[in-house]
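Data from entry-v5.pdb: PDB, C-alpha atoms, pLDDT in the B column
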```
ATOM      1  CA  MET F  14      24.884  56.432  22.975  1.00 49.00           C
ATOM      2  CA  THR F  15      27.669  59.023  22.853  1.00 48.00           C
ATOM      3  CA  ASN F  16      31.167  58.205  21.629  1.00 49.00           C
ATOM      4  CA  ASN F  17      32.670  58.175  25.125  1.00 48.00           C
ATOM      5  CA  GLN F  18      30.111  55.823  26.615  1.00 48.00           C
ATOM      6  CA  VAL F  19      31.093  52.201  27.174  1.00 41.00           C
ATOM      7  CA  PRO F  20      28.375  49.669  26.383  1.00 45.00           C
ATOM      8  CA  SER F  21      27.337  47.664  29.429  1.00 49.00           C
ATOM      9  CA  VAL F  22      27.599  43.890  29.461  1.00 48.00           C
ATOM     10  CA  PRO F  23      24.193  42.177  29.651  1.00 54.00           C
ATOM     11  CA  SER F  24      23.622  40.473  32.997  1.00 58.00           C
ATOM     12  CA  ASP F  25      23.263  37.020  31.449  1.00 56.00           C
ATOM     13  CA  LYS F  26      26.545  37.391  29.568  1.00 49.00           C
ATOM     14  CA  ARG F  27      28.295  38.728  32.698  1.00 55.00           C
ATOM     15  CA  ALA F  28      27.067  35.681  34.639  1.00 58.00           C
ATOM     16  CA  ALA F  29      28.432  33.385  31.927  1.00 51.00           C
ATOM     17  CA  ILE F  30      31.809  35.130  32.019  1.00 48.00           C
ATOM     18  CA  ASP F  31      31.983  34.876  35.814  1.00 52.00           C
ATOM     19  CA  ALA F  32      31.050  31.189  35.680  1.00 52.00           C
ATOM     20  CA  PHE F  33      33.779  30.526  33.116  1.00 44.00           C
ATOM     21  CA  ARG F  34      36.390  32.308  35.240  1.00 46.00           C
ATOM     22  CA  LYS F  35      35.416  30.241  38.291  1.00 50.00           C
ATOM     23  CA  LYS F  36      35.635  27.058  36.218  1.00 44.00           C
ATOM     24  CA  LEU F  37      39.168  27.918  35.123  1.00 41.00           C
ATOM     25  CA  ALA F  38      40.174  28.707  38.698  1.00 47.00           C
ATOM     26  CA  ALA F  39      38.699  25.436  39.948  1.00 46.00           C
ATOM     27  CA  GLN F  40      40.568  23.466  37.295  1.00 40.00           C
ATOM     28  CA  ALA F  41      43.810  25.138  38.318  1.00 42.00           C
ATOM     29  CA  ALA F  42      43.245  24.029  41.892  1.00 46.00           C
ATOM     30  CA  GLY F  43      42.249  20.499  40.956  1.00 48.00           C
ATOM     31  CA  VAL F  44      38.739  21.144  42.279  1.00 47.00           C
ATOM     32  CA  ALA F  45      35.761  20.181  40.145  1.00 49.00           C
ATOM     33  CA  PRO F  46      33.349  23.025  39.290  1.00 47.00           C
ATOM     34  CA  GLY F  47      30.631  23.258  41.936  1.00 49.00           C
ATOM     35  CA  GLN F  48      32.866  21.793  44.637  1.00 56.00           C
ATOM     36  CA  ARG F  49      34.516  23.753  47.405  1.00 68.00           C
ATOM     37  CA  GLY F  50      38.223  23.994  47.993  1.00 85.00           C
ATOM     38  CA  ARG F  51      39.191  22.500  51.351  1.00 92.00           C
ATOM     39  CA  LEU F  52      41.789  24.018  53.638  1.00 91.00           C
ATOM     40  CA  ILE F  53      42.989  22.806  57.046  1.00 94.00           C
ATOM     41  CA  PHE F  54      43.879  25.742  59.298  1.00 91.00           C
ATOM     42  CA  ALA F  55      46.190  24.376  62.016  1.00 93.00           C
ATOM     43  CA  LEU F  56      47.493  26.361  64.969  1.00 90.00           C
ATOM     44  CA  ASP F  57      49.876  25.870  67.845  1.00 92.00           C
ATOM     45  CA  ALA F  58      47.722  26.626  70.908  1.00 90.00           C
ATOM     46  CA  THR F  59      50.347  26.174  73.591  1.00 88.00           C
ATOM     47  CA  GLN F  60      50.560  28.824  76.307  1.00 78.00           C
ATOM     48  CA  SER F  61      53.090  31.125  74.666  1.00 74.00           C
ATOM     49  CA  ARG F  62      50.805  31.387  71.647  1.00 79.00           C
ATOM     50  CA  GLN F  63      47.834  33.141  73.303  1.00 79.00           C
ATOM     51  CA  PRO F  64      48.558  36.561  71.745  1.00 81.00           C
ATOM     52  CA  ALA F  65      48.938  34.956  68.302  1.00 76.00           C
ATOM     53  CA  TRP F  66      45.757  32.933  68.835  1.00 78.00           C
ATOM     54  CA  ASP F  67      43.804  36.085  69.651  1.00 80.00           C
ATOM     55  CA  MET F  68      45.262  37.706  66.540  1.00 79.00           C
ATOM     56  CA  ALA F  69      44.276  34.732  64.362  1.00 79.00           C
ATOM     57  CA  CYS F  70      40.728  34.887  65.765  1.00 76.00           C
ATOM     58  CA  GLU F  71      40.452  38.476  64.617  1.00 76.00           C
ATOM     59  CA  ILE F  72      41.707  38.011  61.065  1.00 76.00           C
ATOM     60  CA  GLN F  73      40.642  34.497  60.025  1.00 72.00           C
ATOM     61  CA  ALA F  74      37.406  35.753  58.429  1.00 68.00           C
ATOM     62  CA  GLU F  75      39.539  37.482  55.816  1.00 70.00           C
ATOM     63  CA  MET F  76      40.430  34.062  54.413  1.00 70.00           C
ATOM     64  CA  PHE F  77      36.799  33.477  53.500  1.00 67.00           C
ATOM     65  CA  GLN F  78      36.448  36.948  52.030  1.00 67.00           C
ATOM     66  CA  GLU F  79      39.453  36.422  49.771  1.00 65.00           C
ATOM     67  CA  ALA F  80      38.366  32.934  48.753  1.00 64.00           C
ATOM     68  CA  ALA F  81      34.920  34.235  47.810  1.00 60.00           C
ATOM     69  CA  LYS F  82      36.508  36.290  45.028  1.00 63.00           C
ATOM     70  CA  THR F  83      37.484  33.166  43.068  1.00 59.00           C
ATOM     71  CA  GLY F  84      35.472  30.281  44.428  1.00 60.00           C
ATOM     72  CA  ALA F  85      34.154  28.630  47.544  1.00 76.00           C
ATOM     73  CA  LEU F  86      36.115  27.357  50.502  1.00 83.00           C
ATOM     74  CA  GLN F  87      35.623  24.980  53.403  1.00 88.00           C
ATOM     75  CA  ILE F  88      37.965  25.272  56.365  1.00 88.00           C
ATOM     76  CA  GLN F  89      38.658  22.834  59.171  1.00 93.00           C
ATOM     77  CA  LEU F  90      40.322  24.098  62.335  1.00 91.00           C
ATOM     78  CA  ALA F  91      43.020  21.930  63.929  1.00 95.00           C
ATOM     79  CA  TYR F  92      44.968  22.817  67.034  1.00 94.00           C
ATOM     80  CA  TYR F  93      47.024  21.321  69.840  1.00 96.00           C
ATOM     81  CA  ARG F  94      47.612  22.355  73.449  1.00 93.00           C
ATOM     82  CA  ALA F  95      48.779  20.516  76.564  1.00 92.00           C
ATOM     83  CA  CYS F  96      48.109  16.830  75.735  1.00 93.00           C
ATOM     84  CA  GLU F  97      45.182  17.622  73.438  1.00 95.00           C
ATOM     85  CA  PHE F  98      44.901  17.535  69.673  1.00 97.00           C
ATOM     86  CA  GLU F  99      41.517  18.668  68.387  1.00 96.00           C
ATOM     87  CA  THR F 100      39.843  19.282  65.046  1.00 96.00           C
ATOM     88  CA  SER F 101      36.564  20.968  64.139  1.00 92.00           C
ATOM     89  CA  ASP F 102      33.924  20.115  61.583  1.00 93.00           C
ATOM     90  CA  TRP F 103      34.391  21.548  58.107  1.00 92.00           C
ATOM     91  CA  VAL F 104      32.813  25.019  57.946  1.00 87.00           C
ATOM     92  CA  SER F 105      32.086  27.317  55.021  1.00 83.00           C
ATOM     93  CA  ASP F 106      31.692  30.692  56.713  1.00 76.00           C
ATOM     94  CA  GLY F 107      33.971  32.856  58.800  1.00 75.00           C
ATOM     95  CA  ARG F 108      31.534  33.366  61.678  1.00 76.00           C
ATOM     96  CA  ALA F 109      31.254  29.645  62.451  1.00 80.00           C
ATOM     97  CA  LEU F 110      35.025  29.327  62.573  1.00 81.00           C
ATOM     98  CA  ALA F 111      35.396  32.478  64.670  1.00 80.00           C
ATOM     99  CA  ASP F 112      32.829  31.202  67.174  1.00 82.00           C
ATOM    100  CA  LYS F 113      34.747  27.935  67.507  1.00 82.00           C
ATOM    101  CA  MET F 114      38.083  29.695  67.967  1.00 82.00           C
ATOM    102  CA  ALA F 115      36.628  32.068  70.566  1.00 81.00           C
ATOM    103  CA  GLU F 116      35.862  29.086  72.807  1.00 84.00           C
ATOM    104  CA  ILE F 117      39.506  27.966  72.938  1.00 84.00           C
ATOM    105  CA  TYR F 118      42.231  29.110  75.301  1.00 85.00           C
ATOM    106  CA  CYS F 119      45.898  28.238  74.992  1.00 88.00           C
ATOM    107  CA  ARG F 120      47.530  25.862  77.478  1.00 90.00           C
ATOM    108  CA  SER F 121      51.139  24.911  78.058  1.00 91.00           C
ATOM    109  CA  GLY F 122      52.532  21.838  76.337  1.00 92.00           C
ATOM    110  CA  ASN F 123      54.901  20.555  73.682  1.00 94.00           C
ATOM    111  CA  THR F 124      54.458  20.875  69.940  1.00 96.00           C
ATOM    112  CA  GLN F 125      52.421  18.224  68.088  1.00 97.00           C
ATOM    113  CA  ILE F 126      53.230  18.970  64.472  1.00 98.00           C
ATOM    114  CA  GLU F 127      53.429  15.255  63.701  1.00 98.00           C
ATOM    115  CA  LYS F 128      49.752  14.913  64.623  1.00 98.00           C
ATOM    116  CA  VAL F 129      48.868  17.887  62.429  1.00 98.00           C
ATOM    117  CA  LEU F 130      50.585  16.355  59.409  1.00 98.00           C
ATOM    118  CA  SER F 131      49.183  12.871  60.066  1.00 98.00           C
ATOM    119  CA  HIS F 132      45.672  14.262  60.386  1.00 98.00           C
ATOM    120  CA  ALA F 133      46.018  16.161  57.109  1.00 98.00           C
ATOM    121  CA  ARG F 134      47.196  12.974  55.395  1.00 98.00           C
ATOM    122  CA  ARG F 135      44.115  11.073  56.613  1.00 98.00           C
ATOM    123  CA  GLU F 136      41.729  13.839  55.576  1.00 98.00           C
ATOM    124  CA  ASN F 137      43.312  14.065  52.149  1.00 97.00           C
ATOM    125  CA  ALA F 138      42.983  10.304  51.685  1.00 97.00           C
ATOM    126  CA  CYS F 139      39.243  10.553  52.391  1.00 96.00           C
ATOM    127  CA  GLN F 140      38.596  13.634  50.245  1.00 95.00           C
ATOM    128  CA  LYS F 141      40.990  15.955  48.460  1.00 94.00           C
ATOM    129  CA  VAL F 142      42.383  18.761  50.626  1.00 95.00           C
ATOM    130  CA  SER F 143      43.659  21.787  48.710  1.00 92.00           C
ATOM    131  CA  ALA F 144      46.170  22.960  51.309  1.00 92.00           C
ATOM    132  CA  LEU F 145      47.286  22.793  54.927  1.00 95.00           C
ATOM    133  CA  VAL F 146      48.139  26.006  56.779  1.00 92.00           C
ATOM    134  CA  PHE F 147      50.156  25.808  59.974  1.00 94.00           C
ATOM    135  CA  VAL F 148      50.935  28.786  62.222  1.00 90.00           C
ATOM    136  CA  GLY F 149      53.477  28.265  64.993  1.00 91.00           C
ATOM    137  CA  ASP F 150      56.711  29.422  66.559  1.00 91.00           C
ATOM    138  CA  ALA F 151      58.334  26.236  67.867  1.00 94.00           C
ATOM    139  CA  MET F 152      59.331  22.686  66.909  1.00 96.00           C
ATOM    140  CA  GLU F 153      60.179  20.149  69.631  1.00 95.00           C
ATOM    141  CA  GLU F 154      59.872  16.873  67.711  1.00 97.00           C
ATOM    142  CA  GLN F 155      62.063  14.530  65.689  1.00 97.00           C
ATOM    143  CA  GLU F 156      62.472  16.275  62.391  1.00 97.00           C
ATOM    144  CA  GLY F 157      63.095  13.011  60.532  1.00 98.00           C
ATOM    145  CA  VAL F 158      59.601  11.814  61.481  1.00 98.00           C
ATOM    146  CA  LEU F 159      58.053  15.054  60.253  1.00 98.00           C
ATOM    147  CA  PHE F 160      59.945  14.881  56.968  1.00 98.00           C
ATOM    148  CA  ALA F 161      58.856  11.269  56.391  1.00 98.00           C
ATOM    149  CA  ILE F 162      55.169  12.203  56.733  1.00 98.00           C
ATOM    150  CA  ALA F 163      55.657  15.295  54.581  1.00 98.00           C
ATOM    151  CA  ARG F 164      57.057  13.202  51.719  1.00 98.00           C
ATOM    152  CA  GLU F 165      53.846  11.212  51.443  1.00 96.00           C
ATOM    153  CA  LEU F 166      51.363  13.927  52.388  1.00 96.00           C
ATOM    154  CA  GLY F 167      50.064  14.644  48.901  1.00 95.00           C
ATOM    155  CA  LEU F 168      49.113  18.302  49.463  1.00 95.00           C
ATOM    156  CA  PRO F 169      50.997  21.585  49.845  1.00 93.00           C
ATOM    157  CA  VAL F 170      51.781  22.820  53.348  1.00 95.00           C
ATOM    158  CA  PHE F 171      52.048  26.548  54.036  1.00 92.00           C
ATOM    159  CA  LEU F 172      53.973  27.108  57.257  1.00 93.00           C
ATOM    160  CA  PHE F 173      53.833  30.563  58.805  1.00 89.00           C
ATOM    161  CA  GLN F 174      56.477  30.999  61.464  1.00 90.00           C
ATOM    162  CA  GLU F 175      56.114  33.605  64.164  1.00 87.00           C
ATOM    163  CA  GLY F 176      59.583  34.783  65.111  1.00 87.00           C
ATOM    164  CA  ASP F 177      62.987  33.860  63.719  1.00 90.00           C
ATOM    165  CA  SER F 178      64.179  30.663  65.434  1.00 94.00           C
ATOM    166  CA  PRO F 179      66.784  29.160  63.063  1.00 96.00           C
ATOM    167  CA  ILE F 180      65.845  25.577  63.988  1.00 96.00           C
ATOM    168  CA  VAL F 181      62.166  26.205  63.327  1.00 97.00           C
ATOM    169  CA  SER F 182      63.011  27.993  60.077  1.00 96.00           C
ATOM    170  CA  ARG F 183      65.086  25.078  58.812  1.00 97.00           C
ATOM    171  CA  VAL F 184      62.465  22.428  59.622  1.00 98.00           C
ATOM    172  CA  PHE F 185      59.523  24.463  58.336  1.00 97.00           C
ATOM    173  CA  ALA F 186      61.373  25.287  55.118  1.00 95.00           C
ATOM    174  CA  GLU F 187      62.122  21.615  54.493  1.00 97.00           C
ATOM    175  CA  ILE F 188      58.509  20.558  55.071  1.00 97.00           C
ATOM    176  CA  ALA F 189      57.441  23.250  52.619  1.00 94.00           C
ATOM    177  CA  ARG F 190      59.967  22.024  50.056  1.00 95.00           C
ATOM    178  CA  LEU F 191      58.917  18.386  50.396  1.00 97.00           C
ATOM    179  CA  THR F 192      55.223  19.214  49.980  1.00 95.00           C
ATOM    180  CA  LYS F 193      55.669  21.872  47.272  1.00 92.00           C
ATOM    181  CA  GLY F 194      54.252  24.442  49.665  1.00 90.00           C
ATOM    182  CA  ALA F 195      55.827  27.544  51.175  1.00 89.00           C
ATOM    183  CA  HIS F 196      57.403  28.781  54.408  1.00 91.00           C
ATOM    184  CA  CYS F 197      57.197  32.412  55.494  1.00 88.00           C
ATOM    185  CA  SER F 198      58.054  34.075  58.774  1.00 86.00           C
ATOM    186  CA  PHE F 199      56.207  37.040  60.234  1.00 81.00           C
ATOM    187  CA  THR F 200      56.989  39.451  63.032  1.00 80.00           C
ATOM    188  CA  PRO F 201      55.362  38.568  66.383  1.00 76.00           C
ATOM    189  CA  GLY F 202      52.138  40.526  66.741  1.00 71.00           C
ATOM    190  CA  ALA F 203      52.070  41.593  63.074  1.00 76.00           C
ATOM    191  CA  ALA F 204      48.380  40.998  62.379  1.00 75.00           C
ATOM    192  CA  ARG F 205      48.361  42.660  58.948  1.00 79.00           C
ATOM    193  CA  GLU F 206      51.374  40.633  57.838  1.00 79.00           C
ATOM    194  CA  LEU F 207      49.750  37.338  58.843  1.00 80.00           C
ATOM    195  CA  ALA F 208      46.423  38.416  57.362  1.00 81.00           C
ATOM    196  CA  GLU F 209      48.071  38.999  53.967  1.00 81.00           C
ATOM    197  CA  LEU F 210      49.572  35.512  54.034  1.00 80.00           C
ATOM    198  CA  LEU F 211      46.321  33.830  55.082  1.00 81.00           C
ATOM    199  CA  ARG F 212      44.369  35.638  52.371  1.00 80.00           C
ATOM    200  CA  ALA F 213      46.895  34.477  49.793  1.00 81.00           C
ATOM    201  CA  VAL F 214      46.588  30.827  50.829  1.00 82.00           C
ATOM    202  CA  ALA F 215      42.798  31.079  50.827  1.00 80.00           C
ATOM    203  CA  ALA F 216      42.928  32.361  47.250  1.00 79.00           C
ATOM    204  CA  TYR F 217      45.154  29.441  46.306  1.00 81.00           C
ATOM    205  CA  ALA F 218      42.941  26.857  48.028  1.00 81.00           C
ATOM    206  CA  ALA F 219      39.795  28.216  46.386  1.00 79.00           C
ATOM    207  CA  GLY F 220      41.150  29.012  42.932  1.00 78.00           C
ATOM    208  CA  GLY F 221      44.613  27.533  42.461  1.00 77.00           C
ATOM    209  CA  ARG F 222      47.825  29.182  41.350  1.00 76.00           C
ATOM    210  CA  GLN F 223      45.939  31.261  38.801  1.00 77.00           C
ATOM    211  CA  ALA F 224      43.961  32.940  41.582  1.00 73.00           C
ATOM    212  CA  LEU F 225      47.165  33.556  43.527  1.00 70.00           C
ATOM    213  CA  VAL F 226      48.748  35.249  40.508  1.00 73.00           C
ATOM    214  CA  ALA F 227      45.641  37.360  39.973  1.00 73.00           C
ATOM    215  CA  SER F 228      45.631  38.458  43.626  1.00 67.00           C
ATOM    216  CA  GLN F 229      48.898  40.439  43.272  1.00 66.00           C
ATOM    217  CA  SER F 230      48.963  41.015  47.035  1.00 73.00           C
ATOM    218  CA  ALA F 231      52.156  41.125  49.080  1.00 71.00           C
ATOM    219  CA  GLY F 232      51.269  37.761  50.593  1.00 76.00           C
ATOM    220  CA  ALA F 233      50.648  36.235  47.171  1.00 69.00           C
ATOM    221  CA  VAL F 234      54.025  37.465  45.924  1.00 72.00           C
ATOM    222  CA  LYS F 235      55.772  35.858  48.893  1.00 76.00           C
ATOM    223  CA  LEU F 236      54.115  32.499  48.274  1.00 76.00           C
ATOM    224  CA  LEU F 237      54.584  32.537  44.521  1.00 73.00           C
ATOM    225  CA  GLN F 238      58.317  33.005  44.984  1.00 77.00           C
ATOM    226  CA  GLN F 239      58.425  29.547  46.589  1.00 79.00           C
ATOM    227  CA  LEU F 240      55.668  27.547  44.868  1.00 75.00           C
ATOM    228  CA  ARG F 241      56.851  25.196  42.129  1.00 62.00           C
TER
END
```
Before anything else, please render the file you have as structure tokens.
Amino acid sequence: MTNNQVPSVPSDKRAAIDAFRKKLAAQAAGVAPGQRGRLIFALDATQSRQPAWDMACEIQAEMFQEAAKTGALQIQLAYYRACEFETSDWVSDGRALADKMAEIYCRSGNTQIEKVLSHARRENACQKVSALVFVGDAMEEQEGVLFAIARELGLPVFLFQEGDSPIVSRVFAEIARLTKGAHCSFTPGAARELAELLRAVAAYAAGGRQALVASQSAGAVKLLQQLR
């Protein structure tokens, strides 16, 4: 071996190193080694949200790709439209989630954020949920009710606001504060901006704060500025 050659790491030792890194990431997230992080991906599917829904369909697979770098991830889709509030089974691959989302069309109706938060609370009581993601642009409910549920939720909520409504910003920011999550706004139609944020949350759900720090992406930086 010449002086400028770097010795390769034996495959068995590399596997041991990778396993140790995943163990550390899992501990940071409060997930036992061998278990998957669980993330609820909730979306406002009222009529005005169709462009954003189509955008989310296109980029959601990136959450799985990012999570795969540090651990494993299960995602459950939740959405509301008209008088409906629906949830999917827990899935562990992007294609299954994309197929489910492709079947759904937005319909007019009021926001149902209370149902999203209540559902997340029930799921977390049954089995630990790493994080709740909510993407929306409106809030038409009693904020006091939302804050009360948020106080006892027991998991971080990451609220991604499309647009710049001051009322929505204030309520979303308070829910994030109460749950030790984060609130970020993104420009309507900015797929890359939302994709960065979703990838960052996926890293957090799969590998904890340590994985978010290691990511060093723009989305990760935004979230880390708020996480406590």
**OP:** Excluding Ser61 in chain F and any residue of its chain fewer than 6 positions from it, enumerate the residues within 12 Å of it, using only C-alpha atoms, and give them as a list in words.
**Re:**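 After dropping sequence-adjacent residues, the list is Asp67, Arg94, Ala95, Tyr118, Cys119, Arg120, Ser121, Gly122, Asn123, Thr124, Gly149, Asp150, Ala151, Glu175 and Pro201 of chain F.
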Only C-alpha atoms, please: the residues just picked out, written as a PDB file, in the frame of the given file.
```
ATOM      1  CA  ASP F  67      43.804  36.085  69.651  1.00 80.00           C
ATOM      2  CA  ARG F  94      47.612  22.355  73.449  1.00 93.00           C
ATOM      3  CA  ALA F  95      48.779  20.516  76.564  1.00 92.00           C
ATOM      4  CA  TYR F 118      42.231  29.110  75.301  1.00 85.00           C
ATOM      5  CA  CYS F 119      45.898  28.238  74.992  1.00 88.00           C
ATOM      6  CA  ARG F 120      47.530  25.862  77.478  1.00 90.00           C
ATOM      7  CA  SER F 121      51.139  24.911  78.058  1.00 91.00           C
ATOM      8  CA  GLY F 122      52.532  21.838  76.337  1.00 92.00           C
ATOM      9  CA  ASN F 123      54.901  20.555  73.682  1.00 94.00           C
ATOM     10  CA  THR F 124      54.458  20.875  69.940  1.00 96.00           C
ATOM     11  CA  GLY F 149      53.477  28.265  64.993  1.00 91.00           C
ATOM     12  CA  ASP F 150      56.711  29.422  66.559  1.00 91.00           C
ATOM     13  CA  ALA F 151      58.334  26.236  67.867  1.00 94.00           C
ATOM     14  CA  GLU F 175      56.114  33.605  64.164  1.00 87.00           C
ATOM     15  CA  PRO F 201      55.362  38.568  66.383  1.00 76.00           C
TER      16      PRO F 201
END
```
Original post:
Which distance in Å separates CA of Gln73 in chain F and CA of Glu156 in chain F, to one decimal?
Top reply: 28.5 Å
Original post:
Written as a list in words, what is the full residue list that the PyMOL selection byres ((chain F and resi 55) around 7) yields on the file shown?
Top reply: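 After applying the PyMOL selection byres ((chain F and resi 55) around 7), what remains is Ile53, Phe54, Leu56, Leu90, Ala91, Tyr92, Val146, Phe147 and Val148 of chain F.
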Subject >> Neighbour list for Arg134 in chain F as an MDAnalysis selection string, cut-off 8 Å, all atoms listed in the file, skip fewer than 2 positions in-chain >> reply: chainID F and resid 130:132 136:138 165:167
**OP:** Select, from F:Gly220, F:Gly107, F:Gly157, F:Gly194, the residue with the minimum atom-to-atom distance to Leu172 in chain F, counting only C-alpha atoms.
**Re:**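 Answer, going by the shortest atom-to-atom distance: F:Gly194.
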Original post:
With distances taken over all atoms listed in the file, which of F:Ala227, F:Gly50, F:Glu206, F:Gln87 is nearest to Leu110 in chain F?
Top reply: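 Counting all atoms listed in the file, the residue closest to Leu110 in chain F is F:Gln87.
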Original post:
Suppose you want the space between CA of Leu86 in chain F and CA of Phe199 in chain F; what is it in Å?
Top reply: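 Interatomic distance here is 24.3 Å.
Atom to atom, CA of Asp112 in chain F and CA of Ser230 in chain F stand 27.6 Å apart.
Minimum distance to Phe160 in chain F across F:Thr192, F:Val129, F:Gln174, F:Val142 (counting all atoms listed in the file) occurs at F:Thr192.
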**OP:** Expand the PyMOL selection byres ((chain F and resi 207) around 9) into the individual residues it matches in the shown file, reporting them as a ChimeraX atom specification.
**Re:** /F:68-69,72,173,198-200,202-206,208-212,232
What would the file look like if the residues just selected were written as a PDB file, in the frame of the given file with C-alpha atoms?
```pdb
ATOM      1  CA  MET F  68      45.262  37.706  66.540  1.00 79.00           C
ATOM      2  CA  ALA F  69      44.276  34.732  64.362  1.00 79.00           C
ATOM      3  CA  ILE F  72      41.707  38.011  61.065  1.00 76.00           C
ATOM      4  CA  PHE F 173      53.833  30.563  58.805  1.00 89.00           C
ATOM      5  CA  SER F 198      58.054  34.075  58.774  1.00 86.00           C
ATOM      6  CA  PHE F 199      56.207  37.040  60.234  1.00 81.00           C
ATOM      7  CA  THR F 200      56.989  39.451  63.032  1.00 80.00           C
ATOM      8  CA  GLY F 202      52.138  40.526  66.741  1.00 71.00           C
ATOM      9  CA  ALA F 203      52.070  41.593  63.074  1.00 76.00           C
ATOM     10  CA  ALA F 204      48.380  40.998  62.379  1.00 75.00           C
ATOM     11  CA  ARG F 205      48.361  42.660  58.948  1.00 79.00           C
ATOM     12  CA  GLU F 206      51.374  40.633  57.838  1.00 79.00           C
ATOM     13  CA  ALA F 208      46.423  38.416  57.362  1.00 81.00           C
ATOM     14  CA  GLU F 209      48.071  38.999  53.967  1.00 81.00           C
ATOM     15  CA  LEU F 210      49.572  35.512  54.034  1.00 80.00           C
ATOM     16  CA  LEU F 211      46.321  33.830  55.082  1.00 81.00           C
ATOM     17  CA  ARG F 212      44.369  35.638  52.371  1.00 80.00           C
ATOM     18  CA  GLY F 232      51.269  37.761  50.593  1.00 76.00           C
TER      19      GLY F 232
END
```
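Among the candidates F:Thr100, F:Gln89, F:Gln125, F:Gln155, the one nearest to Asp57 in chain F when counting only C-alpha atoms is F:Gln125.
Of the residues listed (F:Met76, F:Leu145, F:Ala133, F:Leu191), F:Met76 shows the shortest atom-to-atom separation from Ser105 in chain F; distances use only C-alpha atoms.
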All file atoms of range 218-226 of chain F boxed axis-aligned, 4 Å per side, centre plus edges, as AutoDock Vina command-line options:
```
--center_x 44.3 --center_y 31.1 --center_z 43.4 --size_x 17.0 --size_y 16.4 --size_z 17.2
```
Subject >> Top pick for closest residue to Met152 in chain F, considering F:Cys197, F:Thr59, F:Arg222, F:Cys70 and counting only C-alpha atoms >> reply: F:Thr59
Please list, as a PDB file with C-alpha atoms, keeping the file's coordinate frame, the residues that have an atom at most 9 Å away from (56.7, 22.6, 50.2) in the coordinates of this file, counting all atoms listed in the file.
```pdb
ATOM      1  CA  ALA F 163      55.657  15.295  54.581  1.00 98.00           C
ATOM      2  CA  LEU F 168      49.113  18.302  49.463  1.00 95.00           C
ATOM      3  CA  PRO F 169      50.997  21.585  49.845  1.00 93.00           C
ATOM      4  CA  VAL F 170      51.781  22.820  53.348  1.00 95.00           C
ATOM      5  CA  PHE F 171      52.048  26.548  54.036  1.00 92.00           C
ATOM      6  CA  LEU F 172      53.973  27.108  57.257  1.00 93.00           C
ATOM      7  CA  PHE F 185      59.523  24.463  58.336  1.00 97.00           C
ATOM      8  CA  ALA F 186      61.373  25.287  55.118  1.00 95.00           C
ATOM      9  CA  GLU F 187      62.122  21.615  54.493  1.00 97.00           C
ATOM     10  CA  ILE F 188      58.509  20.558  55.071  1.00 97.00           C
ATOM     11  CA  ALA F 189      57.441  23.250  52.619  1.00 94.00           C
ATOM     12  CA  ARG F 190      59.967  22.024  50.056  1.00 95.00           C
ATOM     13  CA  LEU F 191      58.917  18.386  50.396  1.00 97.00           C
ATOM     14  CA  THR F 192      55.223  19.214  49.980  1.00 95.00           C
ATOM     15  CA  LYS F 193      55.669  21.872  47.272  1.00 92.00           C
ATOM     16  CA  GLY F 194      54.252  24.442  49.665  1.00 90.00           C
ATOM     17  CA  ALA F 195      55.827  27.544  51.175  1.00 89.00           C
ATOM     18  CA  HIS F 196      57.403  28.781  54.408  1.00 91.00           C
ATOM     19  CA  GLN F 239      58.425  29.547  46.589  1.00 79.00           C
ATOM     20  CA  LEU F 240      55.668  27.547  44.868  1.00 75.00           C
ATOM     21  CA  ARG F 241      56.851  25.196  42.129  1.00 62.00           C
TER      22      ARG F 241
END
```
